[in-house]
$ cat entry.pdb   # PDB, C-alpha atoms and all ligand atoms
ATOM      1  CA  MET A   1      -8.704 -17.205  10.579
ATOM      2  CA  ALA A   2      -7.619 -20.211   8.523
ATOM      3  CA  GLY A   3      -4.658 -22.168   9.865
ATOM      4  CA  VAL A   4      -5.381 -21.037  13.443
ATOM      5  CA  PRO A   5      -7.028 -23.488  15.864
ATOM      6  CA  ARG A   6     -10.709 -22.618  16.412
ATOM      7  CA  GLU A   7     -10.365 -21.918  20.153
ATOM      8  CA  THR A   8      -7.414 -19.588  19.611
ATOM      9  CA  SER A   9      -9.350 -17.873  16.854
ATOM     10  CA  CYS A  10     -12.341 -17.312  19.217
ATOM     11  CA  ILE A  11     -10.083 -15.901  21.942
ATOM     12  CA  LEU A  12      -8.391 -13.589  19.434
ATOM     13  CA  SER A  13     -11.756 -12.389  18.126
ATOM     14  CA  ALA A  14     -12.971 -11.702  21.687
ATOM     15  CA  LEU A  15      -9.784  -9.775  22.461
ATOM     16  CA  LEU A  16     -10.149  -7.715  19.313
ATOM     17  CA  LEU A  17     -13.764  -6.973  20.163
ATOM     18  CA  SER A  18     -12.914  -5.714  23.645
ATOM     19  CA  PHE A  19     -10.020  -3.731  22.163
ATOM     20  CA  HIS A  20     -12.498  -1.955  19.862
ATOM     21  CA  GLU A  21     -14.940  -1.437  22.732
ATOM     22  CA  LEU A  22     -12.172   0.323  24.633
ATOM     23  CA  GLY A  23     -11.896   2.780  21.769
ATOM     24  CA  GLY A  24      -8.778   1.289  20.212
ATOM     25  CA  SER A  25      -8.466   0.965  16.500
ATOM     26  CA  LEU A  26      -6.488  -1.244  14.206
ATOM     27  CA  ALA A  27      -4.624   0.090  11.207
ATOM     28  CA  ARG A  28      -6.335  -0.188   7.863
ATOM     29  CA  ILE A  29      -3.964  -2.231   5.732
ATOM     30  CA  ILE A  30      -3.917  -1.115   2.101
ATOM     31  CA  ALA A  31      -2.026  -3.095  -0.549
ATOM     32  CA  VAL A  32      -1.039  -1.049  -3.598
ATOM     33  CA  ALA A  33      -1.113  -3.667  -6.328
ATOM     34  CA  ASN A  34      -1.231  -4.118 -10.077
ATOM     35  CA  GLN A  35       0.840  -6.820 -11.736
ATOM     36  CA  LYS A  36       1.465  -4.499 -14.662
ATOM     37  CA  GLY A  37       4.871  -2.825 -14.331
ATOM     38  CA  GLY A  38       5.500   0.905 -14.162
ATOM     39  CA  VAL A  39       1.920   2.068 -13.509
ATOM     40  CA  GLY A  40       2.772   4.129 -10.418
ATOM     41  CA  LYS A  41       2.441   1.607  -7.562
ATOM     42  CA  THR A  42       5.599   2.682  -5.746
ATOM     43  CA  THR A  43       5.036   6.396  -6.380
ATOM     44  CA  THR A  44       1.533   5.963  -4.940
ATOM     45  CA  ALA A  45       2.553   3.833  -1.937
ATOM     46  CA  VAL A  46       5.356   6.212  -0.909
ATOM     47  CA  ASN A  47       3.459   9.451  -1.418
ATOM     48  CA  LEU A  48       0.139   8.237  -0.027
ATOM     49  CA  ALA A  49       1.978   6.966   3.077
ATOM     50  CA  ALA A  50       3.836  10.282   3.482
ATOM     51  CA  CYS A  51       0.647  12.333   3.021
ATOM     52  CA  LEU A  52      -1.265  10.174   5.511
ATOM     53  CA  ALA A  53       1.523  10.667   8.050
ATOM     54  CA  THR A  54       1.572  14.435   7.585
ATOM     55  CA  SER A  55      -2.194  14.369   8.131
ATOM     56  CA  GLU A  56      -1.406  13.144  11.648
ATOM     57  CA  GLN A  57      -2.118   9.480  10.935
ATOM     58  CA  GLU A  58       0.486   7.091  12.328
ATOM     59  CA  THR A  59       1.494   5.191   9.195
ATOM     60  CA  LEU A  60       3.717   2.268   8.270
ATOM     61  CA  LEU A  61       5.046   1.785   4.741
ATOM     62  CA  VAL A  62       6.071  -1.790   3.940
ATOM     63  CA  ASP A  63       8.206  -2.370   0.853
ATOM     64  CA  CYS A  64       7.242  -5.839  -0.425
ATOM     65  CA  ASP A  65       9.234  -5.563  -3.658
ATOM     66  CA  SER A  66      12.782  -6.872  -4.124
ATOM     67  CA  GLN A  67      13.434  -3.882  -6.436
ATOM     68  CA  ALA A  68      13.335  -1.867  -3.156
ATOM     69  CA  ASN A  69      12.194   1.251  -5.022
ATOM     70  CA  ALA A  70       9.942   2.419  -2.194
ATOM     71  CA  THR A  71      12.824   2.007   0.278
ATOM     72  CA  ALA A  72      15.037   4.248  -1.864
ATOM     73  CA  ALA A  73      12.279   6.742  -2.656
ATOM     74  CA  ILE A  74      11.513   7.350   1.020
ATOM     75  CA  GLY A  75      15.170   8.111   1.647
ATOM     76  CA  PHE A  76      17.115   4.963   2.537
ATOM     77  CA  ALA A  77      20.373   4.616   0.600
ATOM     78  CA  LYS A  78      21.479   1.084  -0.298
ATOM     79  CA  ASP A  79      22.969  -0.645   2.754
ATOM     80  CA  PRO A  80      23.617  -4.393   2.600
ATOM     81  CA  SER A  81      23.718  -4.601   6.413
ATOM     82  CA  ARG A  82      20.220  -3.155   6.832
ATOM     83  CA  ARG A  83      17.559  -5.563   8.082
ATOM     84  CA  THR A  84      14.603  -5.787   5.785
ATOM     85  CA  LEU A  85      11.256  -7.477   5.308
ATOM     86  CA  TYR A  86      13.238 -10.547   4.275
ATOM     87  CA  HIS A  87      14.669 -10.894   7.790
ATOM     88  CA  THR A  88      11.291 -10.934   9.461
ATOM     89  CA  LEU A  89       9.419 -12.849   6.760
ATOM     90  CA  ILE A  90      11.952 -15.639   6.237
ATOM     91  CA  LEU A  91      14.357 -15.498   9.190
ATOM     92  CA  ASN A  92      11.612 -14.682  11.761
ATOM     93  CA  GLU A  93      13.508 -11.762  13.279
ATOM     94  CA  PRO A  94      11.345  -9.568  15.532
ATOM     95  CA  PHE A  95       9.509  -6.742  13.784
ATOM     96  CA  ASP A  96      11.014  -4.130  16.102
ATOM     97  CA  ARG A  97      14.491  -4.895  14.765
ATOM     98  CA  ILE A  98      13.339  -4.326  11.202
ATOM     99  CA  VAL A  99      11.162  -1.234  11.361
ATOM    100  CA  GLN A 100      12.831   2.151  10.810
ATOM    101  CA  LYS A 101      11.757   5.726  11.430
ATOM    102  CA  SER A 102      11.619   7.785   8.250
ATOM    103  CA  GLN A 103      12.352  11.472   7.652
ATOM    104  CA  VAL A 104       8.586  12.105   7.815
ATOM    105  CA  ASP A 105       7.058  12.436  11.297
ATOM    106  CA  ARG A 106       4.669   9.572  12.104
ATOM    107  CA  LEU A 107       5.905   7.483   9.158
ATOM    108  CA  ASP A 108       7.751   4.220   9.826
ATOM    109  CA  VAL A 109       9.170   2.002   7.123
ATOM    110  CA  VAL A 110       9.855  -1.699   6.714
ATOM    111  CA  PRO A 111      12.514  -1.651   3.999
ATOM    112  CA  ALA A 112      13.126  -4.212   1.267
ATOM    113  CA  ASP A 113      16.262  -5.453  -0.420
ATOM    114  CA  LYS A 114      17.083  -7.760  -3.280
ATOM    115  CA  ASN A 115      17.017 -10.838  -0.998
ATOM    116  CA  LEU A 116      13.239 -10.595  -1.190
ATOM    117  CA  ALA A 117      13.459 -12.007  -4.714
ATOM    118  CA  GLY A 118      14.596 -15.219  -3.039
ATOM    119  CA  ALA A 119      11.891 -14.936  -0.397
ATOM    120  CA  ALA A 120       9.166 -15.544  -2.962
ATOM    121  CA  VAL A 121      10.860 -18.873  -3.727
ATOM    122  CA  GLU A 122      11.834 -19.718  -0.134
ATOM    123  CA  LEU A 123       8.258 -19.202   1.009
ATOM    124  CA  VAL A 124       6.976 -21.876  -1.357
ATOM    125  CA  SER A 125       7.797 -24.671   1.071
ATOM    126  CA  ALA A 126       6.932 -22.719   4.249
ATOM    127  CA  GLU A 127       4.002 -23.661   6.438
ATOM    128  CA  ASN A 128       1.087 -21.189   6.125
ATOM    129  CA  ARG A 129       3.102 -19.511   3.417
ATOM    130  CA  GLU A 130       0.303 -17.138   2.356
ATOM    131  CA  TYR A 131      -0.250 -15.904   5.944
ATOM    132  CA  LYS A 132       3.330 -14.954   6.891
ATOM    133  CA  LEU A 133       2.956 -11.198   6.377
ATOM    134  CA  LYS A 134      -0.537 -11.152   7.904
ATOM    135  CA  THR A 135       0.782 -12.777  11.097
ATOM    136  CA  ILE A 136       3.581 -10.202  11.361
ATOM    137  CA  LEU A 137       1.309  -7.211  10.685
ATOM    138  CA  ASN A 138      -1.470  -8.382  13.015
ATOM    139  CA  GLU A 139       0.929  -8.070  15.937
ATOM    140  CA  ILE A 140       1.653  -4.393  15.283
ATOM    141  CA  GLN A 141      -1.637  -3.327  13.689
ATOM    142  CA  ALA A 142      -2.767  -1.438  16.800
ATOM    143  CA  ARG A 143       0.250   0.890  16.636
ATOM    144  CA  TYR A 144      -0.773   2.500  13.347
ATOM    145  CA  LYS A 145      -3.752   4.085  11.638
ATOM    146  CA  PHE A 146      -2.679   2.959   8.179
ATOM    147  CA  ILE A 147      -0.291   0.350   6.819
ATOM    148  CA  VAL A 148       0.550   0.765   3.128
ATOM    149  CA  LEU A 149       2.060  -2.172   1.241
ATOM    150  CA  ASP A 150       4.003  -1.579  -1.993
ATOM    151  CA  CYS A 151       3.652  -4.744  -4.115
ATOM    152  CA  PRO A 152       5.936  -6.029  -6.877
ATOM    153  CA  PRO A 153       4.735  -6.108 -10.503
ATOM    154  CA  ALA A 154       3.757  -9.771 -10.344
ATOM    155  CA  LEU A 155       1.044 -11.940  -8.852
ATOM    156  CA  ASP A 156       3.696 -13.863  -6.922
ATOM    157  CA  LEU A 157       3.774 -15.159  -3.356
ATOM    158  CA  LEU A 158       4.829 -11.756  -2.001
ATOM    159  CA  THR A 159       1.861 -10.029  -3.632
ATOM    160  CA  LEU A 160      -0.338 -12.873  -2.420
ATOM    161  CA  ASN A 161       0.963 -12.360   1.142
ATOM    162  CA  ALA A 162       0.169  -8.648   0.819
ATOM    163  CA  LEU A 163      -3.352  -9.319  -0.476
ATOM    164  CA  VAL A 164      -4.014 -11.815   2.310
ATOM    165  CA  ALA A 165      -2.743  -9.371   4.966
ATOM    166  CA  ALA A 166      -4.659  -6.404   3.534
ATOM    167  CA  ASN A 167      -8.098  -5.038   4.363
ATOM    168  CA  ALA A 168      -8.229  -3.471   0.932
ATOM    169  CA  VAL A 169      -6.411  -3.150  -2.342
ATOM    170  CA  LEU A 170      -5.668   0.126  -4.114
ATOM    171  CA  VAL A 171      -5.106  -0.361  -7.848
ATOM    172  CA  PRO A 172      -3.193   2.346  -9.716
ATOM    173  CA  ILE A 173      -3.995   2.391 -13.430
ATOM    174  CA  GLN A 174      -1.963   4.427 -15.865
ATOM    175  CA  CYS A 175      -4.072   6.607 -18.173
ATOM    176  CA  GLU A 176      -2.659   5.215 -21.428
ATOM    177  CA  TYR A 177      -3.513   2.989 -24.354
ATOM    178  CA  LEU A 178      -4.418  -0.547 -23.143
ATOM    179  CA  ALA A 179      -4.863   0.756 -19.601
ATOM    180  CA  LEU A 180      -7.164  -2.113 -18.742
ATOM    181  CA  GLU A 181      -4.743  -4.759 -19.933
ATOM    182  CA  GLY A 182      -4.072  -7.106 -17.035
ATOM    183  CA  VAL A 183      -6.740  -5.534 -14.822
ATOM    184  CA  SER A 184      -9.222  -8.365 -15.423
ATOM    185  CA  GLU A 185      -6.508 -10.850 -14.396
ATOM    186  CA  LEU A 186      -5.954  -8.844 -11.218
ATOM    187  CA  LEU A 187      -9.698  -8.705 -10.517
ATOM    188  CA  ASP A 188      -9.933 -12.495 -11.059
ATOM    189  CA  THR A 189      -7.124 -12.952  -8.547
ATOM    190  CA  LEU A 190      -8.876 -10.667  -6.054
ATOM    191  CA  MET A 191     -12.111 -12.660  -6.409
ATOM    192  CA  ARG A 192     -10.216 -15.916  -5.880
ATOM    193  CA  ILE A 193      -8.499 -14.536  -2.762
ATOM    194  CA  ARG A 194     -11.873 -13.410  -1.448
ATOM    195  CA  ARG A 195     -13.317 -16.883  -1.952
ATOM    196  CA  THR A 196     -10.409 -18.578  -0.209
ATOM    197  CA  LEU A 197      -7.709 -16.811   1.767
ATOM    198  CA  ASN A 198      -9.157 -13.394   2.647
ATOM    199  CA  PRO A 199     -12.968 -13.101   2.418
ATOM    200  CA  GLY A 200     -12.875  -9.555   3.840
ATOM    201  CA  LEU A 201     -10.649  -8.096   1.129
ATOM    202  CA  GLU A 202     -12.178  -4.867  -0.211
ATOM    203  CA  ILE A 203     -11.292  -2.606  -3.098
ATOM    204  CA  GLU A 204     -10.021   0.628  -1.566
ATOM    205  CA  GLY A 205     -10.217   2.250  -4.953
ATOM    206  CA  ILE A 206      -8.900   2.507  -8.462
ATOM    207  CA  LEU A 207      -6.485   5.376  -8.922
ATOM    208  CA  LEU A 208      -5.910   7.084 -12.253
ATOM    209  CA  THR A 209      -2.196   7.841 -12.548
ATOM    210  CA  MET A 210      -0.005   9.753 -14.994
ATOM    211  CA  PHE A 211      -3.063  11.599 -16.250
ATOM    212  CA  ASP A 212      -2.329  14.216 -18.876
ATOM    213  CA  GLU A 213      -5.334  16.481 -19.365
ATOM    214  CA  ARG A 214      -3.856  17.881 -22.604
ATOM    215  CA  THR A 215      -4.177  14.571 -24.422
ATOM    216  CA  THR A 216      -7.457  13.217 -25.751
ATOM    217  CA  LEU A 217      -6.221   9.689 -25.029
ATOM    218  CA  SER A 218      -5.732  10.381 -21.309
ATOM    219  CA  ARG A 219      -9.181  11.973 -21.040
ATOM    220  CA  GLN A 220     -10.792   9.118 -22.991
ATOM    221  CA  VAL A 221      -9.116   6.453 -20.825
ATOM    222  CA  ALA A 222     -10.228   8.275 -17.663
ATOM    223  CA  THR A 223     -13.829   8.444 -18.942
ATOM    224  CA  ASP A 224     -13.782   4.746 -19.907
ATOM    225  CA  LEU A 225     -12.400   3.695 -16.523
ATOM    226  CA  ARG A 226     -15.015   5.743 -14.686
ATOM    227  CA  SER A 227     -17.865   4.297 -16.724
ATOM    228  CA  PHE A 228     -16.482   0.769 -16.214
ATOM    229  CA  PHE A 229     -15.648   0.937 -12.491
ATOM    230  CA  GLY A 230     -18.056   3.701 -11.406
ATOM    231  CA  THR A 231     -17.642   4.955  -7.847
ATOM    232  CA  GLN A 232     -14.795   2.537  -7.215
ATOM    233  CA  VAL A 233     -12.560   5.070  -8.977
ATOM    234  CA  PHE A 234     -11.075   7.673  -6.622
ATOM    235  CA  GLN A 235     -12.153  11.276  -7.258
ATOM    236  CA  SER A 236      -8.497  12.249  -6.832
ATOM    237  CA  VAL A 237      -6.466  11.892 -10.011
ATOM    238  CA  ILE A 238      -2.676  11.855 -10.216
ATOM    239  CA  SER A 239      -1.398  14.004 -13.081
ATOM    240  CA  ARG A 240       1.708  13.224 -15.065
ATOM    241  CA  ASN A 241       4.165  15.455 -13.245
ATOM    242  CA  VAL A 242       7.916  15.541 -13.697
ATOM    243  CA  ARG A 243       8.448  16.513 -10.050
ATOM    244  CA  LEU A 244       6.959  13.130  -9.029
ATOM    245  CA  ALA A 245       9.503  11.385 -11.259
ATOM    246  CA  GLU A 246      12.395  13.459  -9.876
ATOM    247  CA  ALA A 247      11.610  13.153  -6.161
ATOM    248  CA  PRO A 248      12.801   9.507  -5.703
ATOM    249  CA  SER A 249      16.331  10.329  -6.849
ATOM    250  CA  PHE A 250      16.471  12.831  -3.980
ATOM    251  CA  GLY A 251      15.084  10.229  -1.584
ATOM    252  CA  LYS A 252      12.117  12.453  -0.771
ATOM    253  CA  PRO A 253       8.368  12.095  -0.936
ATOM    254  CA  ILE A 254       6.769  14.758  -3.107
ATOM    255  CA  ILE A 255       5.475  16.810  -0.178
ATOM    256  CA  LEU A 256       9.068  17.348   0.990
ATOM    257  CA  TYR A 257      10.505  17.707  -2.515
ATOM    258  CA  ASP A 258       7.999  20.182  -3.987
ATOM    259  CA  ILE A 259       4.910  20.868  -1.928
ATOM    260  CA  HIS A 260       3.534  23.228  -4.607
ATOM    261  CA  SER A 261       3.643  20.667  -7.430
ATOM    262  CA  LYS A 262       0.615  19.085  -9.095
ATOM    263  CA  GLY A 263       1.887  15.743  -7.793
ATOM    264  CA  ALA A 264       1.861  16.930  -4.174
ATOM    265  CA  GLU A 265      -1.658  18.258  -4.684
ATOM    266  CA  GLY A 266      -2.871  14.932  -6.143
ATOM    267  CA  TYR A 267      -1.445  12.742  -3.392
ATOM    268  CA  THR A 268      -2.583  15.125  -0.643
ATOM    269  CA  GLN A 269      -6.127  14.869  -2.017
ATOM    270  CA  LEU A 270      -5.861  11.088  -2.270
ATOM    271  CA  ALA A 271      -4.786  10.849   1.376
ATOM    272  CA  GLN A 272      -7.774  12.996   2.406
ATOM    273  CA  GLU A 273     -10.086  10.707   0.425
ATOM    274  CA  VAL A 274      -8.597   7.590   2.038
ATOM    275  CA  ILE A 275      -8.923   9.131   5.521
ATOM    276  CA  ALA A 276     -12.512  10.242   4.838
ATOM    277  CA  ASN A 277     -13.412   6.728   3.635
ATOM    278  CA  ALA A 278     -11.880   5.226   6.783
ATOM    279  CA  GLU A 279     -13.832   7.660   8.939
ATOM    280  CA  LYS A 280     -17.064   6.777   7.142
ATOM    281  CA  ARG A 281     -16.357   3.080   7.547
ATOM    282  CA  THR A 282     -15.619   3.154  11.286
ATOM    283  CA  GLY A 283     -17.983   6.005  12.086
ATOM    284  CA  THR A 284     -15.446   7.201  14.651
ATOM    285  CA  GLY A 285     -13.114   9.489  12.745
ATOM    286  CA  ALA A 286      -9.624   8.164  12.073
ATOM    287  CA  ARG A 287      -8.346  11.722  12.386
ATOM    288  CA  SER A 288      -9.885  12.534  15.742
ATOM    289  CA  ALA A 289      -8.032   9.762  17.554
ATOM    290  CA  HIS A 290      -4.758  11.612  17.159
ATOM    291  CA  SER A 291      -5.452  15.274  16.587
ATOM    292  CA  GLY A 292      -8.477  15.721  18.739
ATOM    293  CA  ALA A 293     -10.062  17.491  15.724
TER     294      ALA A 293
HETATM  295  P1  LIG B 301       7.093  -1.424 -10.908
HETATM  296  O1  LIG B 301       6.002  -2.205 -11.539
HETATM  297  O2  LIG B 301       8.397  -1.550 -11.597
HETATM  298  O3  LIG B 301       7.185  -1.624  -9.438
HETATM  299  P2  LIG B 301       5.530   0.897 -10.345
HETATM  300  O4  LIG B 301       4.180   0.450 -10.747
HETATM  301  O5  LIG B 301       5.872   0.853  -8.915
HETATM  302  O6  LIG B 301       6.666   0.128 -11.158
HETATM  303  P3  LIG B 301       6.541   3.570 -10.332
HETATM  304  O7  LIG B 301       7.921   3.091 -10.025
HETATM  305  O8  LIG B 301       5.800   4.260  -9.266
HETATM  306  O9  LIG B 301       5.689   2.374 -10.920
HETATM  307  O10 LIG B 301       6.537   4.525 -11.607
HETATM  308  C1  LIG B 301       7.195   4.168 -12.803
HETATM  309  C2  LIG B 301       7.981   5.371 -13.310
HETATM  310  O11 LIG B 301       7.090   6.430 -13.625
HETATM  311  C3  LIG B 301       8.954   5.912 -12.286
HETATM  312  O12 LIG B 301      10.094   6.396 -12.948
HETATM  313  C4  LIG B 301       8.190   7.079 -11.648
HETATM  314  O13 LIG B 301       9.051   8.080 -11.139
HETATM  315  C5  LIG B 301       7.376   7.576 -12.825
HETATM  316  N1  LIG B 301       6.091   8.138 -12.405
HETATM  317  C6  LIG B 301       5.167   7.562 -11.591
HETATM  318  N2  LIG B 301       4.085   8.330 -11.456
HETATM  319  C7  LIG B 301       4.317   9.436 -12.207
HETATM  320  C8  LIG B 301       3.574  10.629 -12.480
HETATM  321  N3  LIG B 301       2.352  10.815 -11.986
HETATM  322  N4  LIG B 301       4.135  11.560 -13.298
HETATM  323  C9  LIG B 301       5.355  11.364 -13.826
HETATM  324  N5  LIG B 301       6.113  10.277 -13.610
HETATM  325  C10 LIG B 301       5.604   9.314 -12.807
HETATM  326 MG    MG B 302       7.235  -0.391  -7.873
END

$ encode --input "entry.pdb" --output "structure tokens"
Amino acid sequence: MAGVPRETSCILSALLLSFHELGGSLARIIAVANQKGGVGKTTTAVNLAACLATSEQETLLVDCDSQANATAAIGFAKDPSRRTLYHTLILNEPFDRIVQKSQVDRLDVVPADKNLAGAAVELVSAENREYKLKTILNEIQARYKFIVLDCPPALDLLTLNALVAANAVLVPIQCEYLALEGVSELLDTLMRIRRTLNPGLEIEGILLTMFDERTTLSRQVATDLRSFFGTQVFQSVISRNVRLAEAPSFGKPIILYDIHSKGAEGYTQLAQEVIANAEKRTGTGARSAHSGA
């Protein structure tokens, strides 16, 4: 806990320990990141979050991108008066004034707006600038099972805040020519963050997106990525599916827009994989805490 006095850090650790002993659990915070643009980060963050919530996991989706695509895709029309991540990150407004219920049961959202573009700059001179989001999320981590962070297509201070706050990073990679371009830079950044700001940062998984089984290129890229990254690649694969591209303009996650689509199938499977991994990790069963299953 860098930046926190040692005694406070010990007390916090002891509190967390007793919280766990009492059967409580803290949300797993997953940052969806890849500095390459248009690879399916937002589509993944929104639909994974929605599928986790419909699997009875209390989930929070945080839009960390000034493009605010996740905010729109989950159903919030543009509204300049809406409070966003900017207000809590920069203006220190309480989280409870920022968070919104979404149209999906058990899914809350922290929206973004274009002011966040300024936040990346305004944070530069802030004290503990890399820990701002972590501090905010730590306070509400016990309310959720999963917190999904949609990152911008840059390795900027907002992405850095997300990677410092996260337990794990999920990297969507588009199944196309030069798929690995930029990935080594991202992996270098992850290693550096592990050495310095967040030693516990794990790789949740690498997700193949926009896969088209009819093309040799897509199949070849998928094979290459699996031989390169091995078991770090999710079994679930997201197909190229026009329904996934249409859903955001209706402000709906895919499971509400077209539950029978290939896209809905892919993200439902991904959510099951993420839940199963969490259950394996904690040994308790993320699902059982809420459903009694
Ligand atoms: P940015 O880097 O700009 O934030 P991103 O990585 O968040 O982009 P998305 O916005 O999720 O990427 O996807 C880019 C475009 O591709 C969007 O128009 C989206 O609707 C579309 N898209 C994403 N995934 C799929 C898919 N599996 N099939 C078809 N279209 C998709
Ligand atoms: Mg995006």

$ closest_residue --input "entry.pdb" --among "A:Leu61, A:Leu208, A:Ile136, A:Leu270" --to "ligand LIG 301 (chain B)" --atoms "only C-alpha atoms and all ligand atoms"
A:Leu208

$ residues_near_ligand --input "entry.pdb" --ligand "ligand LIG 301 (chain B)" --cutoff "6 Å" --atoms "all atoms listed in the file" --output "compact mmCIF listing (two decimals) with C-alpha atoms, keeping the file's coordinate frame"
# COMPACT_ATOMS: atom_id res chain seq x y z
CA LYS A 36 1.46 -4.50 -14.66
CA GLY A 37 4.87 -2.82 -14.33
CA GLY A 38 5.50 0.90 -14.16
CA VAL A 39 1.92 2.07 -13.51
CA GLY A 40 2.77 4.13 -10.42
CA LYS A 41 2.44 1.61 -7.56
CA THR A 42 5.60 2.68 -5.75
CA THR A 43 5.04 6.40 -6.38
CA PRO A 152 5.94 -6.03 -6.88
CA PRO A 153 4.74 -6.11 -10.50
CA THR A 209 -2.20 7.84 -12.55
CA MET A 210 0.00 9.75 -14.99
CA ILE A 238 -2.68 11.86 -10.22
CA SER A 239 -1.40 14.00 -13.08
CA ARG A 240 1.71 13.22 -15.06
CA ASN A 241 4.16 15.46 -13.24
CA VAL A 242 7.92 15.54 -13.70
CA LEU A 244 6.96 13.13 -9.03
CA ALA A 245 9.50 11.38 -11.26

$ residues_near_ligand --input "entry.pdb" --ligand "ligand MG 302 (chain B)" --cutoff "12 Å" --atoms "all atoms listed in the file" --output "PyMOL selection string"
chain A and resi 32-46+62-73+112+149-154+159+172+248

$ resolve_selection --input "entry.pdb" --expression "the PyMOL selection byres (((chain A and resi 52) around 12) and not hetatm)" --output "PyMOL selection string"
chain A and resi 28+44-51+53-61+104-108+144-148+253+255+267-276+278+286-287

$ atom_distance --input "entry.pdb" --atom1 "atom CA of Arg97 of chain A" --atom2 "atom CA of Ser249 of chain A"
26.5 Å

$ closest_residue --input "entry.pdb" --among "A:Ser261, A:Val121, A:Leu225, A:Ala165" --to "Glu139 of chain A" --atoms "only C-alpha atoms"
A:Ala165

$ closest_residue --input "entry.pdb" --among "A:Ala162, A:Leu91, A:Val169, A:Val221" --to "Glu202 of chain A" --atoms "only C-alpha atoms"
A:Val169

$ residues_near_point --input "entry.pdb" --point "(-0.3, -16.1, 0.5)" --cutoff "8 Å" --atoms "all atoms listed in the file" --output "list in words"
Asn128, Arg129, Glu130, Tyr131, Lys132, Leu157, Leu158, Thr159, Leu160, Asn161, Ala162, Leu163, Val164 and Leu197 of chain A

$ closest_residue --input "entry.pdb" --among "A:Ala264, A:Glu204, A:Ile193, A:Phe211" --to "Arg281 of chain A" --atoms "only C-alpha atoms"
A:Glu204

$ atom_distance --input "entry.pdb" --atom1 "atom CA of Ala166 of chain A" --atom2 "atom CA of Ile30 of chain A"
5.5 Å

$ atom_distance --input "entry.pdb" --atom1 "atom CA of Lys280 of chain A" --atom2 "atom CA of Gly200 of chain A"
17.2 Å

$ residues_around --input "entry.pdb" --residues "Arg226 of chain A" --least-positions-apart "4" --cutoff "12 Å" --atoms "only C-alpha atoms" --output "list in words"
Ile173, Cys175, Leu180, Gly205, Ile206, Leu207, Leu208, Arg219, Gln220, Val221, Ala222, Gly230, Thr231, Gln232, Val233, Phe234, Gln235 and Val237 of chain A

$ axis_aligned_box --input "entry.pdb" --around "segment 129-142 of chain A" --padding-each-side "3 Å" --output "lines of an AutoDock Vina configuration file"
center_x = 0.4
center_y = -10.5
center_z = 9.6
size_x = 12.3
size_y = 24.1
size_z = 20.4

$ residues_near_point --input "entry.pdb" --point "(9.8, 0.1, 15.4)" --cutoff "10 Å" --atoms "only C-alpha atoms" --output "PyMOL selection string"
chain A and resi 60+94-101+108-110+140+143

$ closest_residue --input "entry.pdb" --among "A:Ala126, A:Leu26, A:Leu201, A:Leu186" --to "Asn92 of chain A" --atoms "only C-alpha atoms"
A:Ala126

$ closest_residue --input "entry.pdb" --among "A:Gln174, A:Asn198, A:Ser81, A:Ser218" --to "Lys134 of chain A" --atoms "all atoms listed in the file"
A:Asn198

$ resolve_selection --input "entry.pdb" --expression "the PyMOL selection byres (((chain A and resi 80) around 12) and not hetatm)" --output "ChimeraX atom specification"
/A:76-79,81-84,111-115
